[in-house]
Structure formats: structure tokens, C-alpha cells
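> Here you go, this is start-v4.cif (mmCIF, N, CA and C atoms).
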```
data_protein
#
loop_
_atom_site.label_atom_id
_atom_site.label_comp_id
_atom_site.auth_asym_id
_atom_site.auth_seq_id
_atom_site.Cartn_x
_atom_site.Cartn_y
_atom_site.Cartn_z
N MET F 28 -54.09 -73.64 -35.99
CA MET F 28 -55.06 -74.70 -35.84
C MET F 28 -56.30 -74.45 -36.69
N THR F 29 -56.65 -73.20 -36.87
CA THR F 29 -57.82 -72.89 -37.69
C THR F 29 -57.48 -72.84 -39.17
N GLY F 30 -56.18 -72.79 -39.47
CA GLY F 30 -55.74 -72.73 -40.86
C GLY F 30 -55.80 -71.34 -41.47
N THR F 31 -56.12 -70.34 -40.67
CA THR F 31 -56.24 -68.99 -41.21
C THR F 31 -54.90 -68.25 -41.25
N ASP F 32 -53.91 -68.72 -40.49
CA ASP F 32 -52.60 -68.09 -40.48
C ASP F 32 -51.57 -69.12 -40.93
N LYS F 33 -51.32 -69.15 -42.24
CA LYS F 33 -50.41 -70.14 -42.78
C LYS F 33 -49.00 -69.56 -42.85
N ARG F 34 -48.06 -70.26 -42.23
CA ARG F 34 -46.66 -69.83 -42.22
C ARG F 34 -46.03 -70.04 -43.60
N LYS F 35 -45.00 -69.26 -43.89
CA LYS F 35 -44.20 -69.51 -45.07
C LYS F 35 -43.57 -70.88 -44.92
N LEU F 36 -43.49 -71.62 -46.00
CA LEU F 36 -42.89 -72.94 -45.95
C LEU F 36 -41.37 -72.84 -45.83
N LEU F 37 -40.78 -73.87 -45.26
CA LEU F 37 -39.33 -73.99 -45.18
C LEU F 37 -38.92 -75.06 -46.19
N VAL F 38 -38.04 -74.70 -47.11
CA VAL F 38 -37.51 -75.64 -48.10
C VAL F 38 -36.03 -75.84 -47.78
N ILE F 39 -35.62 -77.10 -47.69
CA ILE F 39 -34.23 -77.42 -47.41
C ILE F 39 -33.64 -78.09 -48.64
N GLY F 40 -32.64 -77.46 -49.22
CA GLY F 40 -31.99 -78.00 -50.41
C GLY F 40 -30.54 -78.34 -50.13
N LYS F 41 -29.87 -78.90 -51.13
CA LYS F 41 -28.46 -79.27 -50.98
C LYS F 41 -27.53 -78.10 -51.25
N SER F 42 -27.88 -77.28 -52.20
CA SER F 42 -27.00 -76.20 -52.63
C SER F 42 -27.24 -74.93 -51.83
N LYS F 43 -26.15 -74.28 -51.43
CA LYS F 43 -26.29 -73.02 -50.68
C LYS F 43 -26.85 -71.91 -51.56
N ASN F 44 -26.36 -71.82 -52.77
CA ASN F 44 -26.81 -70.80 -53.73
C ASN F 44 -27.07 -71.46 -55.08
N PRO F 45 -28.24 -72.07 -55.27
CA PRO F 45 -28.51 -72.69 -56.57
C PRO F 45 -28.42 -71.66 -57.70
N ARG F 46 -27.90 -72.10 -58.84
CA ARG F 46 -27.75 -71.19 -59.98
C ARG F 46 -29.07 -70.55 -60.39
N CYS F 47 -30.15 -71.31 -60.23
CA CYS F 47 -31.45 -70.78 -60.64
C CYS F 47 -31.91 -69.61 -59.76
N PHE F 48 -31.24 -69.39 -58.61
CA PHE F 48 -31.59 -68.26 -57.74
C PHE F 48 -30.93 -66.96 -58.20
N LYS F 49 -30.03 -67.06 -59.20
CA LYS F 49 -29.31 -65.87 -59.66
C LYS F 49 -30.32 -64.83 -60.17
N GLY F 50 -30.23 -63.63 -59.62
CA GLY F 50 -31.11 -62.55 -60.03
C GLY F 50 -32.44 -62.54 -59.30
N VAL F 51 -32.67 -63.50 -58.41
CA VAL F 51 -33.92 -63.55 -57.66
C VAL F 51 -33.71 -62.79 -56.35
N SER F 52 -34.51 -61.77 -56.12
CA SER F 52 -34.31 -60.94 -54.92
C SER F 52 -34.95 -61.54 -53.68
N SER F 53 -36.05 -62.27 -53.84
CA SER F 53 -36.69 -62.89 -52.67
C SER F 53 -37.44 -64.14 -53.11
N LEU F 54 -37.60 -65.05 -52.18
CA LEU F 54 -38.31 -66.30 -52.42
C LEU F 54 -39.62 -66.29 -51.64
N PRO F 55 -40.62 -67.03 -52.10
CA PRO F 55 -41.89 -67.09 -51.35
C PRO F 55 -41.83 -68.07 -50.17
N VAL F 56 -40.65 -68.68 -49.97
CA VAL F 56 -40.45 -69.64 -48.89
C VAL F 56 -39.17 -69.29 -48.15
N PHE F 57 -38.96 -69.91 -46.98
CA PHE F 57 -37.66 -69.83 -46.32
C PHE F 57 -36.80 -70.93 -46.94
N TYR F 58 -35.55 -70.62 -47.28
CA TYR F 58 -34.68 -71.61 -47.90
C TYR F 58 -33.44 -71.80 -47.03
N GLU F 59 -33.16 -73.05 -46.69
CA GLU F 59 -31.95 -73.43 -45.96
C GLU F 59 -31.28 -74.54 -46.75
N ASN F 60 -30.05 -74.83 -46.40
CA ASN F 60 -29.36 -75.90 -47.12
C ASN F 60 -28.47 -76.71 -46.18
N ASN F 61 -28.24 -77.95 -46.56
CA ASN F 61 -27.19 -78.79 -46.01
C ASN F 61 -26.92 -79.89 -47.01
N THR F 62 -25.85 -80.63 -46.83
CA THR F 62 -25.41 -81.57 -47.86
C THR F 62 -26.41 -82.67 -48.17
N LYS F 63 -27.25 -83.04 -47.22
CA LYS F 63 -28.23 -84.10 -47.46
C LYS F 63 -29.65 -83.57 -47.68
N ALA F 64 -29.83 -82.27 -47.61
CA ALA F 64 -31.15 -81.64 -47.75
C ALA F 64 -32.12 -82.17 -46.71
N TRP F 65 -31.62 -82.36 -45.49
CA TRP F 65 -32.44 -82.85 -44.37
C TRP F 65 -32.59 -81.77 -43.32
N MET F 66 -33.63 -81.91 -42.52
CA MET F 66 -33.80 -81.04 -41.35
C MET F 66 -32.72 -81.40 -40.34
N THR F 67 -32.03 -80.40 -39.85
CA THR F 67 -31.03 -80.61 -38.81
C THR F 67 -31.45 -79.85 -37.56
N SER F 68 -30.81 -80.15 -36.45
CA SER F 68 -31.15 -79.44 -35.22
C SER F 68 -30.83 -77.95 -35.36
N ALA F 69 -29.77 -77.62 -36.10
CA ALA F 69 -29.42 -76.20 -36.29
C ALA F 69 -30.48 -75.47 -37.10
N ILE F 70 -30.97 -76.10 -38.17
CA ILE F 70 -32.03 -75.48 -38.99
C ILE F 70 -33.31 -75.38 -38.17
N PHE F 71 -33.64 -76.43 -37.43
CA PHE F 71 -34.83 -76.44 -36.58
C PHE F 71 -34.78 -75.29 -35.58
N GLU F 72 -33.63 -75.14 -34.90
CA GLU F 72 -33.48 -74.08 -33.90
C GLU F 72 -33.56 -72.70 -34.53
N LYS F 73 -32.90 -72.52 -35.68
CA LYS F 73 -32.92 -71.23 -36.37
C LYS F 73 -34.34 -70.86 -36.78
N THR F 74 -35.07 -71.83 -37.31
CA THR F 74 -36.45 -71.59 -37.76
C THR F 74 -37.36 -71.24 -36.58
N LEU F 75 -37.24 -71.98 -35.48
CA LEU F 75 -38.06 -71.68 -34.31
C LEU F 75 -37.73 -70.32 -33.71
N ASN F 76 -36.44 -70.00 -33.65
CA ASN F 76 -36.06 -68.69 -33.11
C ASN F 76 -36.58 -67.56 -33.99
N TYR F 77 -36.56 -67.74 -35.31
CA TYR F 77 -37.09 -66.73 -36.22
C TYR F 77 -38.58 -66.54 -35.98
N TRP F 78 -39.31 -67.65 -35.87
CA TRP F 78 -40.75 -67.58 -35.62
C TRP F 78 -41.02 -66.93 -34.27
N ASP F 79 -40.25 -67.33 -33.27
CA ASP F 79 -40.43 -66.75 -31.94
C ASP F 79 -40.18 -65.25 -31.97
N ASP F 80 -39.19 -64.81 -32.76
CA ASP F 80 -38.92 -63.37 -32.89
C ASP F 80 -40.12 -62.63 -33.45
N GLU F 81 -40.84 -63.27 -34.37
CA GLU F 81 -42.03 -62.64 -34.94
C GLU F 81 -43.14 -62.50 -33.90
N LEU F 82 -43.18 -63.40 -32.94
CA LEU F 82 -44.26 -63.41 -31.96
C LEU F 82 -44.03 -62.52 -30.75
N ARG F 83 -42.81 -62.27 -30.43
CA ARG F 83 -42.54 -61.51 -29.19
C ARG F 83 -42.46 -60.01 -29.46
N PRO F 84 -42.90 -59.22 -28.51
CA PRO F 84 -42.82 -57.77 -28.69
C PRO F 84 -41.41 -57.22 -28.45
N HIS F 85 -40.61 -57.90 -27.61
CA HIS F 85 -39.26 -57.44 -27.30
C HIS F 85 -38.28 -58.59 -27.46
N PRO F 86 -37.07 -58.31 -27.95
CA PRO F 86 -36.08 -59.37 -28.17
C PRO F 86 -35.69 -60.09 -26.87
N SER F 87 -35.48 -61.38 -27.01
CA SER F 87 -35.04 -62.21 -25.90
C SER F 87 -34.41 -63.46 -26.48
N LEU F 88 -33.55 -64.12 -25.73
CA LEU F 88 -32.88 -65.30 -26.25
C LEU F 88 -33.68 -66.58 -26.05
N ASN F 89 -34.57 -66.62 -25.12
CA ASN F 89 -35.35 -67.83 -24.84
C ASN F 89 -36.70 -67.79 -25.55
N LEU F 90 -37.19 -68.97 -25.92
CA LEU F 90 -38.53 -69.03 -26.51
C LEU F 90 -39.55 -68.71 -25.42
N LYS F 91 -40.35 -67.72 -25.68
CA LYS F 91 -41.34 -67.29 -24.70
C LYS F 91 -42.76 -67.61 -25.15
N PHE F 92 -42.98 -67.64 -26.44
CA PHE F 92 -44.33 -67.74 -26.96
C PHE F 92 -44.58 -69.04 -27.73
N ILE F 93 -43.57 -69.88 -27.78
CA ILE F 93 -43.71 -71.18 -28.43
C ILE F 93 -43.41 -72.25 -27.39
N LYS F 94 -44.30 -73.20 -27.27
CA LYS F 94 -44.06 -74.31 -26.36
C LYS F 94 -43.82 -75.56 -27.21
N LEU F 95 -42.66 -76.16 -27.03
CA LEU F 95 -42.33 -77.36 -27.78
C LEU F 95 -42.74 -78.60 -27.00
N ILE F 96 -43.41 -79.47 -27.68
CA ILE F 96 -43.76 -80.76 -27.09
C ILE F 96 -43.28 -81.82 -28.07
N PHE F 97 -42.32 -82.63 -27.64
CA PHE F 97 -41.79 -83.68 -28.51
C PHE F 97 -42.62 -84.93 -28.30
N LEU F 98 -43.12 -85.45 -29.39
CA LEU F 98 -44.00 -86.61 -29.34
C LEU F 98 -43.21 -87.90 -29.18
N PRO F 99 -43.85 -88.92 -28.61
CA PRO F 99 -43.18 -90.21 -28.46
C PRO F 99 -42.80 -90.79 -29.84
N THR F 100 -41.80 -91.62 -29.85
CA THR F 100 -41.33 -92.24 -31.08
C THR F 100 -42.44 -93.01 -31.78
N ASN F 101 -42.44 -92.93 -33.10
CA ASN F 101 -43.37 -93.66 -33.96
C ASN F 101 -44.85 -93.31 -33.75
N THR F 102 -45.13 -92.12 -33.26
CA THR F 102 -46.53 -91.72 -33.08
C THR F 102 -46.91 -90.52 -33.93
N THR F 103 -45.93 -89.92 -34.62
CA THR F 103 -46.22 -88.68 -35.34
C THR F 103 -47.25 -88.87 -36.43
N ALA F 104 -47.23 -90.00 -37.12
CA ALA F 104 -48.19 -90.22 -38.22
C ALA F 104 -49.62 -90.27 -37.70
N VAL F 105 -49.79 -90.59 -36.44
CA VAL F 105 -51.13 -90.70 -35.86
C VAL F 105 -51.55 -89.41 -35.16
N LEU F 106 -50.58 -88.71 -34.55
CA LEU F 106 -50.90 -87.57 -33.70
C LEU F 106 -50.74 -86.20 -34.33
N GLN F 107 -49.87 -86.06 -35.30
CA GLN F 107 -49.61 -84.73 -35.85
C GLN F 107 -50.62 -84.37 -36.94
N PRO F 108 -51.25 -83.21 -36.80
CA PRO F 108 -52.23 -82.77 -37.81
C PRO F 108 -51.64 -82.68 -39.22
N MET F 109 -50.36 -82.28 -39.31
CA MET F 109 -49.76 -82.17 -40.63
C MET F 109 -49.72 -83.54 -41.31
N ASP F 110 -49.51 -84.59 -40.53
CA ASP F 110 -49.47 -85.94 -41.09
C ASP F 110 -50.87 -86.52 -41.31
N GLN F 111 -51.89 -85.86 -40.83
CA GLN F 111 -53.26 -86.35 -40.98
C GLN F 111 -53.94 -85.79 -42.22
N GLY F 112 -53.20 -85.24 -43.13
CA GLY F 112 -53.81 -84.79 -44.37
C GLY F 112 -53.25 -83.53 -44.97
N VAL F 113 -52.67 -82.65 -44.17
CA VAL F 113 -52.17 -81.38 -44.71
C VAL F 113 -51.03 -81.64 -45.69
N ILE F 114 -50.10 -82.52 -45.32
CA ILE F 114 -48.98 -82.82 -46.20
C ILE F 114 -49.48 -83.50 -47.47
N ARG F 115 -50.40 -84.44 -47.33
CA ARG F 115 -50.97 -85.12 -48.50
C ARG F 115 -51.65 -84.12 -49.42
N ASN F 116 -52.34 -83.16 -48.82
CA ASN F 116 -53.05 -82.14 -49.58
C ASN F 116 -52.08 -81.26 -50.37
N ILE F 117 -51.03 -80.80 -49.72
CA ILE F 117 -50.06 -79.94 -50.42
C ILE F 117 -49.33 -80.73 -51.50
N LYS F 118 -49.04 -82.01 -51.24
CA LYS F 118 -48.39 -82.84 -52.26
C LYS F 118 -49.28 -83.01 -53.48
N ALA F 119 -50.57 -83.19 -53.27
CA ALA F 119 -51.50 -83.33 -54.39
C ALA F 119 -51.54 -82.06 -55.22
N HIS F 120 -51.60 -80.92 -54.56
CA HIS F 120 -51.60 -79.63 -55.28
C HIS F 120 -50.27 -79.42 -56.00
N TYR F 121 -49.17 -79.81 -55.37
CA TYR F 121 -47.84 -79.66 -56.00
C TYR F 121 -47.75 -80.54 -57.24
N ARG F 122 -48.18 -81.79 -57.12
CA ARG F 122 -48.13 -82.69 -58.27
C ARG F 122 -48.98 -82.17 -59.42
N ASN F 123 -50.11 -81.56 -59.09
CA ASN F 123 -50.95 -80.95 -60.10
C ASN F 123 -50.19 -79.85 -60.84
N GLN F 124 -49.50 -78.99 -60.08
CA GLN F 124 -48.70 -77.91 -60.68
C GLN F 124 -47.61 -78.50 -61.58
N LEU F 125 -46.97 -79.57 -61.11
CA LEU F 125 -45.90 -80.20 -61.87
C LEU F 125 -46.41 -80.80 -63.18
N VAL F 126 -47.54 -81.49 -63.12
CA VAL F 126 -48.12 -82.08 -64.33
C VAL F 126 -48.54 -80.98 -65.31
N LEU F 127 -49.13 -79.91 -64.82
CA LEU F 127 -49.51 -78.80 -65.69
C LEU F 127 -48.28 -78.21 -66.40
N LYS F 128 -47.17 -78.09 -65.66
CA LYS F 128 -45.93 -77.58 -66.26
C LYS F 128 -45.43 -78.54 -67.34
N MET F 129 -45.48 -79.83 -67.06
CA MET F 129 -45.02 -80.82 -68.04
C MET F 129 -45.88 -80.79 -69.30
N ILE F 130 -47.19 -80.67 -69.13
CA ILE F 130 -48.10 -80.59 -70.28
C ILE F 130 -47.81 -79.33 -71.09
N GLU F 131 -47.60 -78.22 -70.40
CA GLU F 131 -47.29 -76.96 -71.09
C GLU F 131 -45.99 -77.10 -71.88
N ASP F 132 -44.98 -77.74 -71.28
CA ASP F 132 -43.71 -77.94 -71.98
C ASP F 132 -43.88 -78.83 -73.21
N ILE F 133 -44.70 -79.87 -73.09
CA ILE F 133 -44.96 -80.76 -74.23
C ILE F 133 -45.66 -79.99 -75.34
N GLU F 134 -46.67 -79.20 -74.98
CA GLU F 134 -47.40 -78.42 -75.98
C GLU F 134 -46.51 -77.40 -76.67
N ASN F 135 -45.53 -76.87 -75.93
CA ASN F 135 -44.62 -75.87 -76.49
C ASN F 135 -43.39 -76.50 -77.13
N HIS F 136 -43.34 -77.82 -77.14
CA HIS F 136 -42.23 -78.57 -77.74
C HIS F 136 -40.88 -78.18 -77.16
N VAL F 137 -40.84 -78.03 -75.84
CA VAL F 137 -39.58 -77.75 -75.16
C VAL F 137 -39.28 -78.88 -74.18
N GLU F 138 -37.98 -79.05 -73.91
CA GLU F 138 -37.57 -80.08 -72.95
C GLU F 138 -38.11 -79.71 -71.58
N SER F 139 -38.73 -80.67 -70.93
CA SER F 139 -39.31 -80.41 -69.62
C SER F 139 -38.25 -80.60 -68.54
N LYS F 140 -37.85 -79.51 -67.93
CA LYS F 140 -36.93 -79.59 -66.81
C LYS F 140 -37.40 -78.62 -65.74
N THR F 141 -37.21 -79.02 -64.51
CA THR F 141 -37.69 -78.23 -63.38
C THR F 141 -36.51 -77.86 -62.50
N THR F 142 -36.28 -76.58 -62.30
CA THR F 142 -35.20 -76.12 -61.42
C THR F 142 -35.73 -76.07 -59.99
N VAL F 143 -34.81 -75.86 -59.07
CA VAL F 143 -35.21 -75.71 -57.66
C VAL F 143 -36.15 -74.52 -57.52
N LEU F 144 -35.87 -73.45 -58.25
CA LEU F 144 -36.73 -72.26 -58.21
C LEU F 144 -38.13 -72.59 -58.72
N ASP F 145 -38.21 -73.34 -59.84
CA ASP F 145 -39.52 -73.75 -60.36
C ASP F 145 -40.28 -74.55 -59.30
N ALA F 146 -39.58 -75.48 -58.66
CA ALA F 146 -40.21 -76.32 -57.65
C ALA F 146 -40.70 -75.49 -56.46
N ILE F 147 -39.90 -74.51 -56.05
CA ILE F 147 -40.29 -73.64 -54.94
C ILE F 147 -41.53 -72.82 -55.30
N ILE F 148 -41.57 -72.28 -56.51
CA ILE F 148 -42.73 -71.50 -56.94
C ILE F 148 -43.99 -72.37 -56.99
N MET F 149 -43.83 -73.59 -57.52
CA MET F 149 -44.98 -74.51 -57.57
C MET F 149 -45.41 -74.92 -56.17
N LEU F 150 -44.44 -75.13 -55.27
CA LEU F 150 -44.76 -75.50 -53.89
C LEU F 150 -45.52 -74.38 -53.19
N ASP F 151 -45.09 -73.14 -53.44
CA ASP F 151 -45.79 -72.00 -52.84
C ASP F 151 -47.23 -71.91 -53.36
N LYS F 152 -47.42 -72.12 -54.66
CA LYS F 152 -48.78 -72.12 -55.22
C LYS F 152 -49.61 -73.25 -54.60
N ALA F 153 -48.98 -74.41 -54.43
CA ALA F 153 -49.68 -75.55 -53.84
C ALA F 153 -50.10 -75.22 -52.41
N TRP F 154 -49.21 -74.58 -51.64
CA TRP F 154 -49.52 -74.21 -50.26
C TRP F 154 -50.67 -73.19 -50.22
N CYS F 155 -50.68 -72.28 -51.17
CA CYS F 155 -51.77 -71.30 -51.24
C CYS F 155 -53.10 -71.99 -51.53
N ASN F 156 -53.07 -73.11 -52.24
CA ASN F 156 -54.30 -73.84 -52.57
C ASN F 156 -54.81 -74.74 -51.44
N VAL F 157 -54.00 -74.94 -50.41
CA VAL F 157 -54.47 -75.70 -49.24
C VAL F 157 -55.38 -74.77 -48.46
N THR F 158 -56.61 -75.21 -48.24
CA THR F 158 -57.60 -74.33 -47.60
C THR F 158 -57.51 -74.35 -46.08
N SER F 159 -57.95 -73.27 -45.47
CA SER F 159 -57.99 -73.21 -44.01
C SER F 159 -58.95 -74.25 -43.46
N THR F 160 -60.01 -74.53 -44.19
CA THR F 160 -60.96 -75.57 -43.76
C THR F 160 -60.27 -76.93 -43.72
N GLY F 161 -59.48 -77.22 -44.73
CA GLY F 161 -58.75 -78.50 -44.77
C GLY F 161 -57.78 -78.63 -43.61
N ILE F 162 -57.07 -77.55 -43.30
CA ILE F 162 -56.13 -77.57 -42.18
C ILE F 162 -56.88 -77.77 -40.87
N ALA F 163 -57.96 -77.02 -40.68
CA ALA F 163 -58.75 -77.13 -39.45
C ALA F 163 -59.30 -78.55 -39.29
N ASN F 164 -59.74 -79.15 -40.38
CA ASN F 164 -60.26 -80.53 -40.31
C ASN F 164 -59.19 -81.51 -39.86
N CYS F 165 -57.96 -81.31 -40.32
CA CYS F 165 -56.86 -82.19 -39.91
C CYS F 165 -56.58 -82.04 -38.42
N PHE F 166 -56.61 -80.82 -37.91
CA PHE F 166 -56.40 -80.62 -36.47
C PHE F 166 -57.56 -81.25 -35.69
N ARG F 167 -58.78 -81.09 -36.18
CA ARG F 167 -59.93 -81.66 -35.50
C ARG F 167 -59.84 -83.19 -35.48
N HIS F 168 -59.35 -83.76 -36.57
CA HIS F 168 -59.23 -85.21 -36.69
C HIS F 168 -58.25 -85.80 -35.66
N THR F 169 -57.19 -85.04 -35.34
CA THR F 169 -56.20 -85.53 -34.38
C THR F 169 -56.62 -85.29 -32.94
N GLY F 170 -57.69 -84.52 -32.76
CA GLY F 170 -58.17 -84.28 -31.39
C GLY F 170 -57.42 -83.15 -30.72
#
```
Please render this file's structure as C-alpha cells.


Amino acid sequence: MTGTDKRKLLVIGKSKNPRCFKGVSSLPVFYENNTKAWMTSAIFEKTLNYWDDELRPHPSLNLKFIKLIFLPTNTTAVLQPMDQGVIRNIKAHYRNQLVLKMIEDIENHVESKTTVLDAIIMLDKAWCNVTSTGIANCFRHTG
């Protein structure tokens, strides 16, 4: 809520092992995949259990330190802090990274193409540029 503890982002792609990941030992984000590159209940559960494991001092199968509250339908854009500006902020920073890459490619006279790995690296930089103050303001805005 204060924006001082930013979680690693979760990226969901279509390919289980994109070619651009060859030789990459670790990613700055969590990467999952499914055929439509959508959040699924299995990915949601796996991600929450991983986070819960980080929070608990001893292993357990039930979530002990995370309380899930499912919001009413069609209210997330109004109630969720992430939808009140954090996502817009990270998208703006990401687009900036993308435009800078395109300009660099033009200046170097190379074809501009972006791999999944390039996108992940730019997304991570964008997330690093989102300030804790901005995150806190979004939480404050939602009450």
C-alpha cells in the first residue's frame, strides 16, 4: 500500500519456452504460459501460494497471511488501486522504453523487432520507474 515493497511482476505468455529465453539463466519477472496468454485460476493459485510461502515462517498448505477479497462484478476499475493509476503509470514507462528502443534501432539502421525477452526487460525497467509515492497515491485515491 505504501509502494515501498514492490513485487516481481508476473508475465503470462503463450510459449512455454520462448526461443529468446535460450541461454537466459533468470528473468526479472515471474513467467507463466498458456495458449491464450491469459490469467487462469491455476496460475492465480500458483502465484498466490508462492507469495504466501514467502510470507510464512513455516510451510503450510492453506493461505495464512493473505486474505482474498473478491470484488463485485464491474467494480474493479473504480475500487482497485492498480486500476486507479499504477497500471497506467507502468504502461507509460513501458511505452517510453519501447519508443527509445525503436529510435535506437532507427539510428543504428537495424530492423526494429522486439522479442518476449526484450519486452520483459523493458517491463521490468518500467516497473522500477514506478515510484512508491505514485503507488501510495493510487491506494489513497481508492480509499

> If you run DSSP on the backbone here, which positions in chain F get alpha helix (DSSP H)? Please write them as a ChimeraX atom specification.

/F:68-82,103-106,113-134,143-156,159-169

> How big is the axis-aligned box around all listed atoms of range 39-52 of chain F once 3 Å goes on each side, and where's its centre, in Å to one decimal, as JSON?


```
{"center_x": -30.9, "center_y": -70.1, "center_z": -54.0, "size_x": 15.5, "size_y": 24.3, "size_z": 19.2}
```

> Starting from the PyMOL selection byres (((chain F and resi 38 and name CA) around 6) and name CA), expand the selection into actual residues of this file and give them as a PyMOL selection string.

chain F and resi 37+39+58

> When you count only C-alpha atoms, which of these residues is closest to Lys43 in chain F: F:Ser159, F:Val143, F:Glu138, F:Asp80?

F:Val143

> Could you tell me how far CA of Asp145 in chain F lies from CA of Cys47 in chain F, in Å and to one decimal?

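These atoms are spaced 8.6 Å apart.
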
> Please determine, counting only C-alpha atoms, which residue among F:Met28, F:Ala69, F:Met109, F:Val56 has the shortest atom-to-atom distance to Ala146 in chain F.

F:Val56

> Write out as a PyMOL selection string the residues lying within 8 Å of Thr62 in chain F, counting all atoms listed in the file and excluding same-chain residues fewer than 5 positions away.

chain F and resi 40-43

> For each of F:Val113, F:Leu144, F:Asn164, F:Asn135, take the minimum atom-to-atom distance to Phe48 in chain F, counting only N, CA and C atoms, then give the residue where this is smallest.

F:Leu144

> Residues within 8 Å of range 118-129 of chain F, please, as a list in words. Count only N, CA and C atoms; anything in the same chain fewer than 4 positions from it doesn't count.

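Here the answer would be Gly112, Val113, Ile114, Ile133, Glu134, Asn135, Glu138, Ser139, Lys140, Met149, Leu150, Asp151, Lys152, Ala153, Trp154, Asn156 and Val157 of chain F.
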
> Interatomic distance between CA of Cys165 in chain F and CA of Ile117 in chain F?

12.7 Å

> So, with only N, CA and C atoms as the atoms that count, which of F:Thr29, F:Asn116, F:Thr74, F:Asn101 lies closest to Phe166 in chain F?

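Ranked by minimum distance to Phe166 in chain F, first place goes to F:Thr29.
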
> Go ahead and compute the interatomic distance for atom N of Gly30 in chain F and atom C of Leu98 in chain F, in Å to one decimal.

22.4 Å
